[in-house]
Amino acid sequence: MPATLVAVAHGSRDPRALDTVSALLDRVRELRPRLDVRLGHIELNEPLLDDTLRALPEGTEAVLVPLLLGRGHHVKHDLPRAARRAPHLRIRQAAPLGPHPLLVEALHERLLDAGMQPGSAVVLAAAGSRDPESAFDTRRTAALLAERLGGVPVVPAYASAASPTVPEAVRALTARGHRVAVASYFTAPGTFAAQSAAAAPGPAAAPLGDHPALARLVLHRHDRAAALACAPAGRELATA
């Protein structure tokens, strides 16, 4: 039996977030009908991750796939702690979704759907983190998106915890004479995504949501981690 895929979402008070994540996992199930796919949240929404893990039968092999876009606190600390609280399972932790070319594919198509004009500069609006590796991951995604767009400026900006803010990045690009679109580097709707979109002087892309490329990426992260021999919960948690 393939290892159970436990998708780990952050959680949000926005009622659209749970529906969006559920739609994404429905796409994952369509791509891999025989794979057991479950959902757990870090906070704010049910089911919580601890409850999802507790419900799995003893000895189950499971892969935690963070529906998060970089190597921040949740990936480095919260998920390994949750794994250690489930010693009845054999758990692997996959890498976060970003950076990856499939994310860039989804970002690009969301921008086109929003009506971005060719040659426009882009503000890549992300949640933000004090972790330097998370910021590095966002910058890497910005560089990949700029390459896909033919070299136009793509500036990473943040809704919290880091600078520049999204409005600051928009103003800086506008002052340089650029048309500006905002790319939503969020998996689901929420406060940060809405605030970032509101700062856009022109097109503002929707969150990544249930984009087909994101579903493929979730499976890719699962498969890479599952290919490693499973370790006891909380030990040698791998990224892939």
# chains A, B, ... in the order shown; residues from 1 in each chain; ligands from 1

call {"tool": "residues_around", "arguments": {"residues": "A:Ala162", "least_positions_apart": "2", "cutoff": "9 Å", "atoms": "only C-alpha atoms", "output": "PyMOL selection string"}}
result
chain A and resi 127-130+135+157-160+164-165

call {"tool": "write_last_selection", "arguments": {"atoms": "C-alpha atoms", "output": "PDB file, in the first residue's frame"}}
result
ATOM      1  CA  ALA A 127       2.846  35.875   3.688  1.00  0.00           C
ATOM      2  CA  GLY A 128       6.309  36.651   5.047  1.00  0.00           C
ATOM      3  CA  SER A 129       8.499  35.035   7.693  1.00  0.00           C
ATOM      4  CA  ARG A 130      11.427  35.967   9.884  1.00  0.00           C
ATOM      5  CA  ALA A 135      12.714  34.503   2.363  1.00  0.00           C
ATOM      6  CA  ALA A 157       6.974  41.408  -1.123  1.00  0.00           C
ATOM      7  CA  TYR A 158       5.306  40.445   2.110  1.00  0.00           C
ATOM      8  CA  ALA A 159       2.096  40.816   4.066  1.00  0.00           C
ATOM      9  CA  SER A 160       3.876  40.485   7.422  1.00  0.00           C
ATOM     10  CA  PRO A 164       9.249  45.277   1.483  1.00  0.00           C
ATOM     11  CA  THR A 165       5.528  45.237   2.057  1.00  0.00           C
TER      12      THR A 165
END

call {"tool": "select_by_dssp", "arguments": {"residues": "stretch 63-154 of chain A", "states": "strand (DSSP E or B)", "output": "PyMOL selection string"}}
result
chain A and resi 63-66+90-93+121-126+154

call {"tool": "select_by_dssp", "arguments": {"residues": "stretch 9-189 of chain A", "states": "helix (DSSP H, G or I)", "output": "MDAnalysis selection string"}}
result
chainID A and resid 15:31 49:54 73:84 101:113 132:148 166:175

call {"tool": "residues_around", "arguments": {"residues": "A:Leu25", "least_positions_apart": "5", "cutoff": "8 Å", "atoms": "only C-alpha atoms", "output": "list in words"}}
result
Val37, Asp210 and Ala215 of chain A

call {"tool": "write_last_selection", "arguments": {"atoms": "C-alpha atoms", "output": "mmCIF file, in the first residue's frame"}}
result
data_model
loop_
_atom_site.group_PDB
_atom_site.id
_atom_site.type_symbol
_atom_site.label_atom_id
_atom_site.label_comp_id
_atom_site.auth_asym_id
_atom_site.auth_seq_id
_atom_site.Cartn_x
_atom_site.Cartn_y
_atom_site.Cartn_z
ATOM 1 C CA VAL A 37 -5.428 11.429 1.020
ATOM 2 C CA ASP A 210 -6.909 24.074 -6.790
ATOM 3 C CA ALA A 215 -2.221 19.076 -7.404
#

call {"tool": "closest_atom_pairs", "arguments": {"of": "stretch 127-201 of chain A", "to": "stretch 8-21 of chain A", "cutoff": "6 Å", "atoms": "only C-alpha atoms", "output": "Markdown table"}}
result
| residue | atom | partner | partner_atom | distance |
| --- | --- | --- | --- | --- |
| A:Ala188 | CA | A:Ala17 | CA | 5.2 |
| A:Pro189 | CA | A:Ala17 | CA | 5.4 |
| A:Gly190 | CA | A:Asp14 | CA | 5.3 |

call {"tool": "closest_residue", "arguments": {"among": "A:Leu214, A:Val182, A:Ala227, A:Ala95", "to": "A:His74", "atoms": "only C-alpha atoms"}}
result
A:Ala95

call {"tool": "residues_around", "arguments": {"residues": "stretch 101-104 of chain A", "least_positions_apart": "5", "cutoff": "8 Å", "atoms": "only C-alpha atoms", "output": "PyMOL selection string"}}
result
chain A and resi 141+144-145+148+213-214+216-217

call {"tool": "atom_distance", "arguments": {"atom1": "atom CA of A:Val170", "atom2": "atom CA of A:Val152"}}
result
14.3 Å

call {"tool": "residues_around", "arguments": {"residues": "A:Thr4", "least_positions_apart": "4", "cutoff": "8 Å", "atoms": "only C-alpha atoms", "output": "PyMOL selection string"}}
result
chain A and resi 35-38+60-63

call {"tool": "closest_residue", "arguments": {"among": "A:Ser120, A:Ala204, A:Arg92, A:Gly72", "to": "A:Arg224", "atoms": "only C-alpha atoms"}}
result
A:Arg92

call {"tool": "decode", "arguments": {"residues": "stretch 8-40 of chain A", "atoms": "N, CA and C atoms", "output": "CSV table (one decimal), in the first residue's frame"}}
result
chain,number,residue,atom,x,y,z
A,8,VAL,N,-1.0,19.1,4.9
A,8,VAL,CA,-1.1,19.9,6.1
A,8,VAL,C,-1.3,21.4,5.7
A,9,ALA,N,-2.5,21.9,5.9
A,9,ALA,CA,-2.8,23.3,5.6
A,9,ALA,C,-2.6,24.1,6.9
A,10,HIS,N,-2.4,25.4,6.7
A,10,HIS,CA,-2.2,26.3,7.9
A,10,HIS,C,-3.5,26.5,8.6
A,11,GLY,N,-4.6,26.7,7.9
A,11,GLY,CA,-5.8,27.0,8.6
A,11,GLY,C,-6.1,28.5,8.5
A,12,SER,N,-7.4,28.9,8.4
A,12,SER,CA,-7.7,30.3,8.2
A,12,SER,C,-9.1,30.5,8.7
A,13,ARG,N,-9.4,31.8,9.2
A,13,ARG,CA,-10.8,32.1,9.5
A,13,ARG,C,-11.6,32.5,8.3
A,14,ASP,N,-11.0,32.6,7.2
A,14,ASP,CA,-11.8,32.9,6.0
A,14,ASP,C,-12.5,31.6,5.6
A,15,PRO,N,-13.8,31.6,5.5
A,15,PRO,CA,-14.6,30.4,5.2
A,15,PRO,C,-14.2,29.8,3.8
A,16,ARG,N,-13.7,30.6,2.9
A,16,ARG,CA,-13.3,30.0,1.6
A,16,ARG,C,-12.1,29.2,1.6
A,17,ALA,N,-11.3,29.3,2.7
A,17,ALA,CA,-10.0,28.6,2.7
A,17,ALA,C,-10.2,27.1,2.7
A,18,LEU,N,-11.1,26.6,3.6
A,18,LEU,CA,-11.3,25.2,3.7
A,18,LEU,C,-11.9,24.6,2.4
A,19,ASP,N,-12.8,25.3,1.8
A,19,ASP,CA,-13.3,24.8,0.5
A,19,ASP,C,-12.3,24.7,-0.5
A,20,THR,N,-11.4,25.7,-0.5
A,20,THR,CA,-10.3,25.8,-1.5
A,20,THR,C,-9.3,24.6,-1.4
A,21,VAL,N,-8.9,24.4,-0.1
A,21,VAL,CA,-8.0,23.2,0.1
A,21,VAL,C,-8.7,21.9,-0.2
A,22,SER,N,-10.0,21.8,0.2
A,22,SER,CA,-10.7,20.5,-0.1
A,22,SER,C,-10.8,20.3,-1.6
A,23,ALA,N,-11.0,21.4,-2.4
A,23,ALA,CA,-11.0,21.2,-3.9
A,23,ALA,C,-9.7,20.8,-4.4
A,24,LEU,N,-8.6,21.3,-3.9
A,24,LEU,CA,-7.3,20.9,-4.3
A,24,LEU,C,-7.1,19.4,-4.0
A,25,LEU,N,-7.4,19.0,-2.8
A,25,LEU,CA,-7.2,17.6,-2.5
A,25,LEU,C,-8.2,16.7,-3.4
A,26,ASP,N,-9.3,17.2,-3.8
A,26,ASP,CA,-10.2,16.4,-4.7
A,26,ASP,C,-9.4,16.2,-6.0
A,27,ARG,N,-8.7,17.2,-6.5
A,27,ARG,CA,-7.9,17.0,-7.7
A,27,ARG,C,-6.8,16.0,-7.5
A,28,VAL,N,-6.2,16.0,-6.3
A,28,VAL,CA,-5.1,15.0,-6.0
A,28,VAL,C,-5.7,13.6,-6.1
A,29,ARG,N,-6.9,13.4,-5.5
A,29,ARG,CA,-7.5,12.1,-5.5
A,29,ARG,C,-7.9,11.7,-6.9
A,30,GLU,N,-8.3,12.6,-7.8
A,30,GLU,CA,-8.6,12.3,-9.2
A,30,GLU,C,-7.4,11.8,-9.9
A,31,LEU,N,-6.3,12.4,-9.6
A,31,LEU,CA,-5.0,12.0,-10.2
A,31,LEU,C,-4.5,10.7,-9.7
A,32,ARG,N,-4.8,10.3,-8.5
A,32,ARG,CA,-4.3,9.1,-7.8
A,32,ARG,C,-5.4,8.5,-7.0
A,33,PRO,N,-6.4,7.8,-7.7
A,33,PRO,CA,-7.6,7.4,-7.0
A,33,PRO,C,-7.3,6.4,-5.9
A,34,ARG,N,-6.3,5.6,-5.9
A,34,ARG,CA,-6.1,4.6,-4.9
A,34,ARG,C,-5.2,5.1,-3.7
A,35,LEU,N,-4.9,6.3,-3.7
A,35,LEU,CA,-4.1,6.9,-2.7
A,35,LEU,C,-5.0,7.4,-1.6
A,36,ASP,N,-4.7,7.1,-0.3
A,36,ASP,CA,-5.4,7.6,0.8
A,36,ASP,C,-4.9,9.0,1.1
A,37,VAL,N,-5.8,10.0,0.9
A,37,VAL,CA,-5.4,11.4,1.0
A,37,VAL,C,-6.3,12.0,2.2
A,38,ARG,N,-5.6,12.6,3.1
A,38,ARG,CA,-6.2,13.2,4.3
A,38,ARG,C,-5.8,14.6,4.5
A,39,LEU,N,-6.5,15.3,5.3
A,39,LEU,CA,-6.2,16.7,5.6
A,39,LEU,C,-6.1,17.0,7.0
A,40,GLY,N,-5.1,17.8,7.4
A,40,GLY,CA,-4.9,18.2,8.8
A,40,GLY,C,-4.5,19.7,8.8
